[in-house]
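K.L.:
As input, take my_file08.txt (compact mmCIF, C-alpha atoms and all ligand atoms):
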# COMPACT_ATOMS: atom_id res chain seq x y z
CA MET A 1 94.76 -27.49 15.74
CA LYS A 2 93.03 -24.38 14.40
CA PRO A 3 90.69 -24.98 11.42
CA ASN A 4 92.83 -22.95 8.99
CA LYS A 5 95.91 -24.98 9.95
CA LEU A 6 93.93 -28.16 9.36
CA LEU A 7 92.94 -26.91 5.90
CA ILE A 8 96.57 -26.11 5.09
CA LEU A 9 97.60 -29.59 6.23
CA ILE A 10 94.92 -31.25 4.07
CA PHE A 11 95.99 -29.08 1.12
CA LEU A 12 99.65 -30.10 1.55
CA ILE A 13 98.73 -33.78 1.74
CA LEU A 14 96.67 -33.48 -1.47
CA VAL A 15 99.54 -31.66 -3.24
CA SER A 16 102.03 -34.33 -2.22
CA PHE A 17 99.67 -37.04 -3.48
CA SER A 18 99.28 -35.37 -6.87
CA VAL A 19 103.07 -34.84 -7.16
CA SER A 20 103.78 -38.50 -6.38
CA ALA A 21 101.08 -39.58 -8.86
CA GLN A 22 102.85 -37.69 -11.65
CA LYS A 23 106.30 -38.93 -10.75
CA LEU A 24 107.79 -41.20 -13.35
CA ASN A 25 110.06 -44.13 -12.66
CA ILE A 26 112.23 -45.15 -15.57
CA LEU A 27 114.83 -47.79 -16.30
CA VAL A 28 118.00 -46.76 -18.13
CA VAL A 29 119.67 -49.61 -20.02
CA THR A 30 123.41 -49.27 -20.67
CA GLY A 31 126.30 -51.46 -21.79
CA GLY A 32 128.02 -52.49 -24.99
CA HIS A 33 129.46 -49.03 -25.71
CA ASP A 34 131.74 -46.78 -23.61
CA PHE A 35 130.44 -43.48 -22.28
CA ASP A 36 131.15 -40.97 -19.52
CA ARG A 37 128.81 -42.38 -16.89
CA LYS A 38 129.04 -39.42 -14.54
CA LEU A 39 128.08 -36.75 -17.07
CA PHE A 40 125.46 -38.92 -18.76
CA PHE A 41 123.57 -39.52 -15.53
CA GLU A 42 123.95 -35.87 -14.52
CA MET A 43 121.51 -35.17 -17.34
CA PHE A 44 118.93 -37.49 -15.74
CA ASP A 45 119.58 -35.88 -12.36
CA THR A 46 118.28 -32.58 -13.78
CA PHE A 47 114.91 -34.17 -14.73
CA GLN A 48 112.47 -33.16 -12.01
CA GLY A 49 109.79 -35.74 -11.31
CA ILE A 50 111.70 -38.54 -13.04
CA SER A 51 113.65 -41.09 -11.02
CA TYR A 52 115.74 -43.75 -12.67
CA THR A 53 117.31 -47.14 -12.11
CA GLU A 54 120.17 -48.33 -14.30
CA PHE A 55 120.16 -51.82 -15.77
CA GLN A 56 123.52 -52.81 -17.23
CA HIS A 57 124.29 -55.54 -19.74
CA PRO A 58 124.86 -58.44 -19.72
CA GLU A 59 122.10 -58.82 -17.09
CA ALA A 60 119.88 -55.98 -18.38
CA ASN A 61 117.72 -57.88 -20.87
CA LEU A 62 116.79 -60.67 -18.49
CA ARG A 63 116.07 -58.13 -15.74
CA LEU A 64 113.73 -56.26 -18.12
CA GLY A 65 111.68 -59.44 -18.44
CA SER A 66 111.57 -60.28 -14.73
CA ILE A 67 111.03 -56.88 -13.05
CA ASP A 68 107.54 -56.14 -11.71
CA PRO A 69 105.92 -54.04 -14.52
CA LYS A 70 104.10 -51.89 -11.96
CA THR A 71 107.40 -50.45 -10.71
CA PHE A 72 108.35 -48.48 -13.85
CA ASP A 73 106.77 -46.34 -16.58
CA ALA A 74 109.31 -46.34 -19.38
CA VAL A 75 112.70 -47.63 -20.49
CA VAL A 76 115.48 -45.49 -21.97
CA PHE A 77 118.03 -47.42 -24.03
CA TYR A 78 121.58 -46.10 -24.26
CA ASP A 79 123.14 -49.47 -24.98
CA MET A 80 124.75 -51.26 -27.90
CA PRO A 81 125.14 -55.00 -27.37
CA LYS A 82 125.94 -57.16 -30.37
CA THR A 83 123.91 -60.28 -29.66
CA ILE A 84 120.66 -61.27 -27.97
CA SER A 85 119.32 -64.69 -26.97
CA GLU A 86 115.81 -65.95 -27.72
CA THR A 87 115.00 -65.72 -23.99
CA GLU A 88 116.18 -62.10 -23.87
CA LYS A 89 114.03 -61.21 -26.89
CA LYS A 90 110.98 -62.25 -24.88
CA SER A 91 111.66 -59.33 -22.50
CA TYR A 92 111.15 -56.91 -25.42
CA TYR A 93 107.96 -58.67 -26.54
CA LYS A 94 106.69 -58.40 -22.96
CA LEU A 95 107.43 -54.65 -22.80
CA LEU A 96 105.58 -54.09 -26.10
CA LYS A 97 102.59 -56.13 -24.98
CA LEU A 98 102.40 -54.23 -21.70
CA GLY A 99 102.62 -50.92 -23.57
CA LYS A 100 105.69 -49.68 -21.73
CA GLY A 101 107.15 -46.53 -23.24
CA LEU A 102 110.50 -46.95 -24.93
CA VAL A 103 113.03 -44.20 -25.69
CA PHE A 104 116.06 -45.13 -27.78
CA LEU A 105 119.04 -42.79 -27.79
CA HIS A 106 121.97 -42.47 -30.18
CA HIS A 107 123.94 -45.73 -30.61
CA SER A 108 121.04 -47.90 -29.45
CA GLN A 109 119.96 -48.11 -33.11
CA CYS A 110 123.22 -50.01 -33.80
CA SER A 111 122.42 -52.89 -31.41
CA TYR A 112 121.64 -56.49 -32.40
CA GLN A 113 122.65 -56.24 -36.07
CA ASP A 114 121.45 -59.81 -36.73
CA TRP A 115 118.04 -59.46 -35.03
CA ASP A 116 115.87 -58.19 -37.91
CA GLU A 117 112.86 -57.40 -35.74
CA TYR A 118 114.85 -54.97 -33.60
CA LYS A 119 114.69 -52.24 -36.24
CA THR A 120 110.89 -52.50 -36.26
CA ILE A 121 110.97 -51.72 -32.52
CA VAL A 122 113.39 -48.77 -32.81
CA GLY A 123 111.94 -47.57 -36.11
CA GLY A 124 115.27 -47.55 -37.92
CA LYS A 125 118.71 -49.09 -38.14
CA TYR A 126 122.37 -48.16 -38.40
CA HIS A 127 123.77 -50.79 -40.81
CA GLU A 128 127.22 -51.99 -39.77
CA GLU A 129 127.74 -54.44 -42.63
CA LYS A 130 130.70 -53.27 -44.76
CA ASN A 131 130.75 -52.08 -48.37
CA THR A 132 127.11 -52.41 -49.29
CA PRO A 133 124.72 -49.73 -50.56
CA GLN A 134 123.12 -49.86 -47.09
CA THR A 135 126.34 -49.37 -45.11
CA SER A 136 125.86 -46.54 -42.60
CA THR A 137 128.55 -43.99 -41.69
CA TYR A 138 129.48 -41.88 -38.69
CA GLN A 139 131.41 -38.68 -38.09
CA HIS A 140 132.34 -37.35 -34.66
CA ASP A 141 132.37 -33.72 -33.48
CA VAL A 142 130.16 -32.16 -36.11
CA THR A 143 128.28 -28.92 -35.51
CA PHE A 144 124.88 -29.14 -37.12
CA THR A 145 121.38 -27.71 -36.87
CA VAL A 146 118.61 -29.86 -35.43
CA LYS A 147 115.33 -28.83 -37.06
CA ILE A 148 112.03 -29.40 -35.31
CA SER A 149 109.52 -31.06 -37.68
CA ASP A 150 106.41 -30.47 -35.59
CA SER A 151 106.63 -27.86 -32.85
CA LYS A 152 103.25 -28.90 -31.43
CA HIS A 153 104.19 -32.51 -30.75
CA PRO A 154 104.57 -33.28 -27.01
CA VAL A 155 108.19 -34.38 -27.56
CA THR A 156 109.27 -31.17 -29.31
CA LYS A 157 106.86 -28.65 -27.78
CA GLY A 158 108.59 -25.41 -26.74
CA ILE A 159 111.84 -26.32 -28.49
CA GLN A 160 113.11 -24.22 -31.41
CA ASP A 161 115.59 -25.34 -34.08
CA PHE A 162 118.99 -25.50 -32.38
CA GLU A 163 122.68 -26.10 -33.02
CA ILE A 164 124.49 -29.02 -31.46
CA LEU A 165 128.04 -30.38 -31.50
CA ASP A 166 127.62 -34.12 -31.75
CA GLU A 167 128.19 -37.25 -33.82
CA VAL A 168 126.21 -37.67 -37.03
CA TYR A 169 125.16 -40.94 -38.65
CA GLY A 170 124.79 -41.09 -42.42
CA ASN A 171 122.89 -43.47 -44.70
CA THR A 172 120.89 -45.00 -41.86
CA GLU A 173 117.63 -46.81 -42.51
CA VAL A 174 114.50 -45.02 -41.26
CA LEU A 175 111.36 -47.11 -41.54
CA PRO A 176 108.62 -45.49 -43.67
CA GLY A 177 105.93 -45.75 -40.98
CA VAL A 178 107.56 -43.48 -38.40
CA THR A 179 106.56 -39.87 -37.71
CA PRO A 180 109.60 -37.60 -38.10
CA LEU A 181 110.23 -35.24 -35.17
CA LEU A 182 113.77 -34.01 -35.90
CA THR A 183 115.65 -33.46 -39.16
CA THR A 184 118.93 -31.94 -40.29
CA ASP A 185 120.32 -30.75 -43.61
CA HIS A 186 123.93 -31.65 -42.74
CA PRO A 187 125.39 -33.49 -45.77
CA GLN A 188 127.09 -36.18 -43.67
CA SER A 189 123.89 -37.01 -41.77
CA SER A 190 120.71 -38.86 -42.57
CA LYS A 191 117.92 -36.33 -42.94
CA ILE A 192 115.54 -37.73 -40.29
CA ILE A 193 117.35 -37.89 -36.94
CA GLY A 194 114.46 -38.23 -34.53
CA TRP A 195 111.05 -39.86 -34.76
CA THR A 196 108.17 -41.48 -32.95
CA HIS A 197 106.03 -44.48 -33.73
CA GLN A 198 103.84 -47.09 -32.13
CA LYS A 199 104.78 -50.76 -31.88
CA GLU A 200 102.04 -52.99 -30.50
CA ASN A 201 100.93 -51.15 -27.35
CA SER A 202 104.08 -49.09 -26.82
CA ARG A 203 104.88 -45.53 -27.72
CA ILE A 204 108.43 -45.30 -28.98
CA VAL A 205 110.75 -42.33 -29.57
CA TYR A 206 114.22 -42.41 -31.14
CA ILE A 207 116.66 -39.47 -30.80
CA GLN A 208 119.87 -39.79 -32.81
CA PRO A 209 122.17 -37.22 -31.14
CA GLY A 210 123.74 -37.93 -27.73
CA HIS A 211 127.25 -39.27 -28.27
CA ASP A 212 128.82 -37.39 -25.37
CA LYS A 213 128.60 -34.44 -23.00
CA ASN A 214 128.27 -31.95 -25.86
CA GLY A 215 124.84 -33.39 -26.44
CA TRP A 216 123.87 -34.36 -22.89
CA LEU A 217 124.68 -30.88 -21.55
CA ASN A 218 122.80 -29.08 -24.34
CA PRO A 219 119.58 -27.74 -22.73
CA ASN A 220 117.58 -28.39 -25.92
CA TYR A 221 118.75 -31.99 -26.00
CA GLN A 222 117.87 -32.38 -22.33
CA ASN A 223 114.36 -31.05 -23.01
CA LEU A 224 113.92 -33.48 -25.90
CA VAL A 225 114.91 -36.49 -23.79
CA ARG A 226 112.78 -35.37 -20.83
CA GLN A 227 109.71 -34.70 -22.99
CA ALA A 228 110.23 -38.00 -24.85
CA ILE A 229 110.19 -39.86 -21.52
CA SER A 230 106.98 -38.08 -20.46
CA TYR A 231 105.34 -38.71 -23.82
CA VAL A 232 106.01 -42.43 -24.01
CA SER A 233 104.96 -42.87 -20.38
CA LYS A 234 101.39 -41.79 -21.31
CA LYS A 235 100.73 -40.09 -17.94
ZN ZN B 301 128.46 -42.29 -30.68
How does the structure come out when it is put into structure tokens?

P.N.:
Amino acid sequence: MKPNKLLILIFLILVSFSVSAQKLNILVVTGGHDFDRKLFFEMFDTFQGISYTEFQHPEANLRLGSIDPKTFDAVVFYDMPKTISETEKKSYYKLLKLGKGLVFLHHSQCSYQDWDEYKTIVGGKYHEEKNTPQTSTYQHDVTFTVKISDSKHPVTKGIQDFEILDEVYGNTEVLPGVTPLLTTDHPQSSKIIGWTHQKENSRIVYIQPGHDKNGWLNPNYQNLVRQAISYVSKK
């Protein structure tokens, strides 16, 4: 082999090592709410450098606690189960202790209505209880403007305010300690619709839009989800 070919070979090996070092492996947790699986996962297929494995309920929570932590960087939740056992809760405590990045999308803030600690993990809560001052609301197929609160944050970097056709949630609880990333002025929506915070050792991001393909196929939404995954993964 000529010396210049050898150099090229060494260069290519180094490049492939650095690419594989940056590659992120994520878990995507689903179940408890219907969705168009094909179009939802097409969004993840567009994310270069991010590979995913789906965990579905009812097994998902126990699998989160038993999987080798070295095999994944972050977990994306697009699920909405109603109940959780004490054993399953331990999987969440383990993720937080390990500092695994957590991204919660859309209806995942409605999960586990009776598990009070859950909202301190997500950073907010959609309240399903009926006819109280806290009762949250929803409205499908609303066109609204998503406003970027901090254009320098790694989750929102390079993204301008944008319009989206999606479901809005109103009168949701947003915990005071979170850092807002996304807001809207739509009257049927809560003002803060995306945020980040830290819980124990984990970085956490919540993004409210994402009911269906109108959100998932929106390039700005895709960028938000992709950059949220990178940010919480701390690589
Ligand atoms: Zn929805």

K.L.:
Residues at most 6 Å from ligand ZN 301 (chain B), using only C-alpha atoms and all ligand atoms? Could they come as a list in words?

P.N.:
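Answer in the requested format: His107, Glu167 and His211 of chain A.
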
K.L.:
Just C-alpha atoms for this one: save the residues we selected as an mmCIF file, in the coordinates of the input.

P.N.:
data_model
loop_
_atom_site.group_PDB
_atom_site.id
_atom_site.type_symbol
_atom_site.label_atom_id
_atom_site.label_comp_id
_atom_site.auth_asym_id
_atom_site.auth_seq_id
_atom_site.Cartn_x
_atom_site.Cartn_y
_atom_site.Cartn_z
ATOM 1 C CA HIS A 107 123.940 -45.730 -30.610
ATOM 2 C CA GLU A 167 128.190 -37.250 -33.820
ATOM 3 C CA HIS A 211 127.250 -39.270 -28.270
#

K.L.:
Would you mind listing, for every residue of segment 6-86 of chain A within 8 Å of segment 212-233 of chain A, the two atoms forming the shortest contact and the distance between them in Å to one decimal, using all atoms listed in the file, sorted by chain and ascending residue number, as JSON lines?

P.N.:
{"residue": "A:Leu24", "atom": "CA", "partner": "A:Ser233", "partner_atom": "CA", "distance": 7.8}
{"residue": "A:Phe35", "atom": "CA", "partner": "A:Asp212", "partner_atom": "CA", "distance": 7.0}
{"residue": "A:Asp36", "atom": "CA", "partner": "A:Asp212", "partner_atom": "CA", "distance": 7.2}
{"residue": "A:Leu39", "atom": "CA", "partner": "A:Lys213", "partner_atom": "CA", "distance": 6.4}
{"residue": "A:Phe40", "atom": "CA", "partner": "A:Trp216", "partner_atom": "CA", "distance": 6.4}
{"residue": "A:Met43", "atom": "CA", "partner": "A:Trp216", "partner_atom": "CA", "distance": 6.1}
{"residue": "A:Phe47", "atom": "CA", "partner": "A:Arg226", "partner_atom": "CA", "distance": 6.6}
{"residue": "A:Asp73", "atom": "CA", "partner": "A:Ser233", "partner_atom": "CA", "distance": 5.5}
{"residue": "A:Ala74", "atom": "CA", "partner": "A:Ser233", "partner_atom": "CA", "distance": 5.7}
{"residue": "A:Val76", "atom": "CA", "partner": "A:Ile229", "partner_atom": "CA", "distance": 7.7}

K.L.:
Quick one: residues within 9 Å of segment 93-95 of chain A, only C-alpha atoms, excluding same-chain residues fewer than 5 positions away - as a PyMOL selection string?

P.N.:
chain A and resi 64-65+69+100-102+201-202

K.L.:
Can you pull out every residue within 6 Å of Tyr52 of chain A, counting only C-alpha atoms, but drop anything in the same chain fewer than 3 positions away, and send it as a list in words?

P.N.:
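My reading of the contact set: Asn25, Ile26 and Leu27 of chain A.
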
K.L.:
Of the candidates A:Gln109, A:Thr53, A:Thr46, A:Thr143, which shows the shortest atom-to-atom distance to Leu165 of chain A, using only C-alpha atoms?

P.N.:
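Closest candidate: A:Thr143.
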
K.L.:
Looking at only C-alpha atoms, which of A:Pro180, A:Gly99, A:Gly170, A:Gly210 is the one that sits closest to Val75 of chain A?

P.N.:
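The closest residue to Val75 of chain A is A:Gly99.
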
K.L.:
Nearest to Gln139 of chain A: which of A:Gly158, A:Val178, A:His153, A:Pro187 is it, counting all atoms listed in the file?

P.N.:
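Nearest candidate to Gln139 of chain A out of A:Gly158, A:Val178, A:His153, A:Pro187: A:Pro187.
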
K.L.:
Would you give me, as CSV, each residue of segment 153-218 of chain A having an atom within 9 Å of an atom of segment 125-129 of chain A, along with its shortest atom pair and that distance in Å to one decimal, using all atoms listed in the file and sorting by chain and residue number?

P.N.:
residue,atom,partner,partner_atom,distance
A:Tyr169,CA,A:Tyr126,CA,7.7
A:Gly170,CA,A:Tyr126,CA,8.5
A:Asn171,CA,A:Tyr126,CA,7.9
A:Thr172,CA,A:Tyr126,CA,4.9
A:Glu173,CA,A:Lys125,CA,5.0
A:Val174,CA,A:Lys125,CA,6.6
A:Leu175,CA,A:Lys125,CA,8.3

K.L.:
Using all atoms listed in the file, pick whichever of A:Tyr138, A:Phe162, A:Phe55, A:Tyr118 has the shortest atom-to-atom distance to His106 of chain A.

P.N.:
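Smallest separation from His106 of chain A among the options: A:Tyr138.
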
K.L.:
Check the smallest atom-to-atom distance from each of A:Ser51, A:Thr135, A:Gln22, A:Ser189 to Gln113 of chain A using all atoms listed in the file, then report the winner.

P.N.:
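Smallest separation from Gln113 of chain A among the options: A:Thr135.
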
K.L.:
Between A:Glu42, A:Asp141, A:Asp68, A:Asp79, which is the closest to Gln56 of chain A once you count only C-alpha atoms?

P.N.:
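The shortest atom-to-atom distance to Gln56 of chain A comes from A:Asp79.
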
K.L.:
Rounded to one decimal place, report the atom CA of Gln198 of chain A-atom CA of Gly123 of chain A distance in Å.

P.N.:
9.0 Å

K.L.:
Which residues come within 6 Å of Ser108 of chain A, counting only C-alpha atoms, excluding same-chain residues fewer than 4 positions away, as a list in words?

P.N.:
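Non-adjacent residues within range: Tyr78, Asp79, Met80 and Phe104 of chain A.
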
K.L.:
Write out as AutoDock Vina command-line options an axis-aligned box for segment 182-187 of chain A: all of its atoms listed in the file, 8 Å added on each side, centre and edge lengths in Å with one decimal.

P.N.:
--center_x 119.6 --center_y -32.4 --center_z -40.8 --size_x 27.6 --size_y 19.3 --size_z 25.9

K.L.:
One number please: atom CA of Gln160 of chain A to atom CA of Gly49 of chain A, in Å, one decimal.

P.N.:
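For atom CA of Gln160 of chain A relative to atom CA of Gly49 of chain A, the distance reads 23.4 Å.
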
K.L.:
Please, what distance in Å, to one decimal, runs between atom CA of Asp150 of chain A and atom CA of Thr179 of chain A?

P.N.:
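If I compute the distance from atom CA of Asp150 of chain A to atom CA of Thr179 of chain A, I get 9.6 Å.
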
K.L.:
Compile the contact shell of Pro81 of chain A as a PDB file with C-alpha atoms, in the coordinates of the input: residues with an atom at most 10 Å away, counting only C-alpha atoms, same-chain residues fewer than 2 positions apart removed.

P.N.:
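What follows is the written file selection22.pdb:
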ATOM      1  CA  THR A  30     123.410 -49.270 -20.670  1.00  0.00           C
ATOM      2  CA  GLY A  31     126.300 -51.460 -21.790  1.00  0.00           C
ATOM      3  CA  GLY A  32     128.020 -52.490 -24.990  1.00  0.00           C
ATOM      4  CA  HIS A  33     129.460 -49.030 -25.710  1.00  0.00           C
ATOM      5  CA  HIS A  57     124.290 -55.540 -19.740  1.00  0.00           C
ATOM      6  CA  PRO A  58     124.860 -58.440 -19.720  1.00  0.00           C
ATOM      7  CA  ASP A  79     123.140 -49.470 -24.980  1.00  0.00           C
ATOM      8  CA  THR A  83     123.910 -60.280 -29.660  1.00  0.00           C
ATOM      9  CA  ILE A  84     120.660 -61.270 -27.970  1.00  0.00           C
ATOM     10  CA  HIS A 107     123.940 -45.730 -30.610  1.00  0.00           C
ATOM     11  CA  SER A 108     121.040 -47.900 -29.450  1.00  0.00           C
ATOM     12  CA  CYS A 110     123.220 -50.010 -33.800  1.00  0.00           C
ATOM     13  CA  SER A 111     122.420 -52.890 -31.410  1.00  0.00           C
ATOM     14  CA  TYR A 112     121.640 -56.490 -32.400  1.00  0.00           C
ATOM     15  CA  GLN A 113     122.650 -56.240 -36.070  1.00  0.00           C
TER      16      GLN A 113
END

K.L.:
Would you kindly return, as a ChimeraX atom specification, each protein, DNA or RNA residue with an atom no farther than 12 Å from any atom of His186 of chain A, considering all atoms listed in the file and excluding same-chain residues fewer than 4 positions away?

P.N.:
/A:139,142-147,163-164,166-170,190-193

K.L.:
Go ahead and write the residues just picked, C-alpha atoms, as a PDB file, in the coordinates of the input.

P.N.:
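Once everything was written out, this is part_9.pdb:
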ATOM      1  CA  GLN A 139     131.410 -38.680 -38.090  1.00  0.00           C
ATOM      2  CA  VAL A 142     130.160 -32.160 -36.110  1.00  0.00           C
ATOM      3  CA  THR A 143     128.280 -28.920 -35.510  1.00  0.00           C
ATOM      4  CA  PHE A 144     124.880 -29.140 -37.120  1.00  0.00           C
ATOM      5  CA  THR A 145     121.380 -27.710 -36.870  1.00  0.00           C
ATOM      6  CA  VAL A 146     118.610 -29.860 -35.430  1.00  0.00           C
ATOM      7  CA  LYS A 147     115.330 -28.830 -37.060  1.00  0.00           C
ATOM      8  CA  GLU A 163     122.680 -26.100 -33.020  1.00  0.00           C
ATOM      9  CA  ILE A 164     124.490 -29.020 -31.460  1.00  0.00           C
ATOM     10  CA  ASP A 166     127.620 -34.120 -31.750  1.00  0.00           C
ATOM     11  CA  GLU A 167     128.190 -37.250 -33.820  1.00  0.00           C
ATOM     12  CA  VAL A 168     126.210 -37.670 -37.030  1.00  0.00           C
ATOM     13  CA  TYR A 169     125.160 -40.940 -38.650  1.00  0.00           C
ATOM     14  CA  GLY A 170     124.790 -41.090 -42.420  1.00  0.00           C
ATOM     15  CA  SER A 190     120.710 -38.860 -42.570  1.00  0.00           C
ATOM     16  CA  LYS A 191     117.920 -36.330 -42.940  1.00  0.00           C
ATOM     17  CA  ILE A 192     115.540 -37.730 -40.290  1.00  0.00           C
ATOM     18  CA  ILE A 193     117.350 -37.890 -36.940  1.00  0.00           C
TER      19      ILE A 193
END
